[in-house]
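Structure first, then comments.
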Amino acid sequence: MTSVMAPKTAAPTEERVTPGRTRSLARRLIPYGYLSPTVLLIVVLMVVPIVMVIGYSFQDNVIVQENPVFAGFANYTKVLADPDFLAALQNTAIFITVSTVAHLVLGLAFAMMLNTQLLGGVAKAVFRIVYILPWLFTIAVIAVIWRLLLDPSGVVNYVLHTLGLIQEGVNWLGDPGKALWAITFVNIWSGYPFFMISLLAALQGIPNDLYEAAAMDGTNWFQRFLHVTLPQLRPVIISMGVLDLIWTSQQFALIWMTTGGGPLNATEMLSTYTYKQAFSEYEFATASAAAVIVLLLTMILAFFYVRQQRER
């Protein structure tokens, strides 16, 4: 009699977690632990407010009413059809375009002046101090100073009248035809030192061999600037230009403390328009829709900046 012996199956073994594997897992999680406070701050201070504002933009009577109702895209339609918003959009486009171009042109011009070999060490030090002075003041101080200087009885009108350029005092910040250009000038004056310093650092990083080789080919200073300096500075200029567009589009304090968006909305910007909708008109839903539109425009500029950085 033969017996059929069933094959023995191996008993399942539990996978043991060795102390070494535990330490390895903990070691891999350490960087995430270091990053967690920063990520938490970003979520609390940026992501949550943005999500809340986007939610408010699709509701009506938000914050003011206990039970706001869903309004769809009605707030966006209202904002885009508002003549004040369209005027603010136009003023912002002029403000940021002129400011950015002037910042880059003046910054590069002064940087090249400080980088030249024609000036001695003492002269360069003096010019650096003078050129960087506007950057040392806060926006509040700059606004107060220029409100006094641009007053109809201020220093600017006095100098222009003495030179025979004007016959009577000009209300630079109170005239709808001049106010936008006046605050644009103030913004240019207060912001160009940063671009001067950044472009000066970039100029000093260009190898002298390139200039020497160009000089041996018989080029003049303008040709060297056109074919050596500008190509070497191109990535820096593009990056700083896009960043300045983003920064200037968010300018609020200078405009609010000089003109408040007036006179007659002549200096109304997207930032001041959004602020007034929220805290003057108490139209928080409309203000949220305007803020989302500004966010989208800023994200477009940020996209070009990130793409430029990747190309570098």
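Here, A, B, ... name the chains of the structure tokens in the order displayed, residue numbers run from 1 inside each chain, and ligands are numbered from 1 in the same displayed order.
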
A:Ser190 environment, 8 Å, only C-alpha atoms, sequence neighbours closer than 6 positions dropped, as a PyMOL selection string: chain A and resi 134-135+142

Requested write-out: C-alpha atoms of the selected residues, as a PDB file, in the first residue's frame:
ATOM      1  CA  PRO A 134      17.168 106.995  -4.747  1.00  0.00           C
ATOM      2  CA  TRP A 135      17.357 103.314  -3.829  1.00  0.00           C
ATOM      3  CA  ILE A 142       9.865 109.060  -2.003  1.00  0.00           C
TER       4      ILE A 142
END

Fewer than 2 positions away in the same chain doesn't count, so skip those; otherwise give me all residues within 12 Å of A:Leu149, counting only C-alpha atoms, as a VMD selection string. chain A and resid 142 to 147 151 to 160 169 to 173 182 186 258

Considering only C-alpha atoms, state which residue in the set A:Ile63, A:Met196, A:Leu163, A:Ala87 is at the smallest distance from A:Phe127.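 Between A:Ile63, A:Met196, A:Leu163, A:Ala87, the residue approaching A:Phe127 most closely is A:Met196.
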
Given only C-alpha atoms as the basis, pick out the residue of A:Tyr131, A:Phe304, A:Phe58, A:Phe225 nearest to A:Leu203.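 Going through A:Tyr131, A:Phe304, A:Phe58, A:Phe225 one by one, the smallest distance to A:Leu203 is for A:Phe225.
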
Mind checking DSSP for stretch 22-132 of chain A and telling me the strand (DSSP E or B) residues as a count of residues only? 4
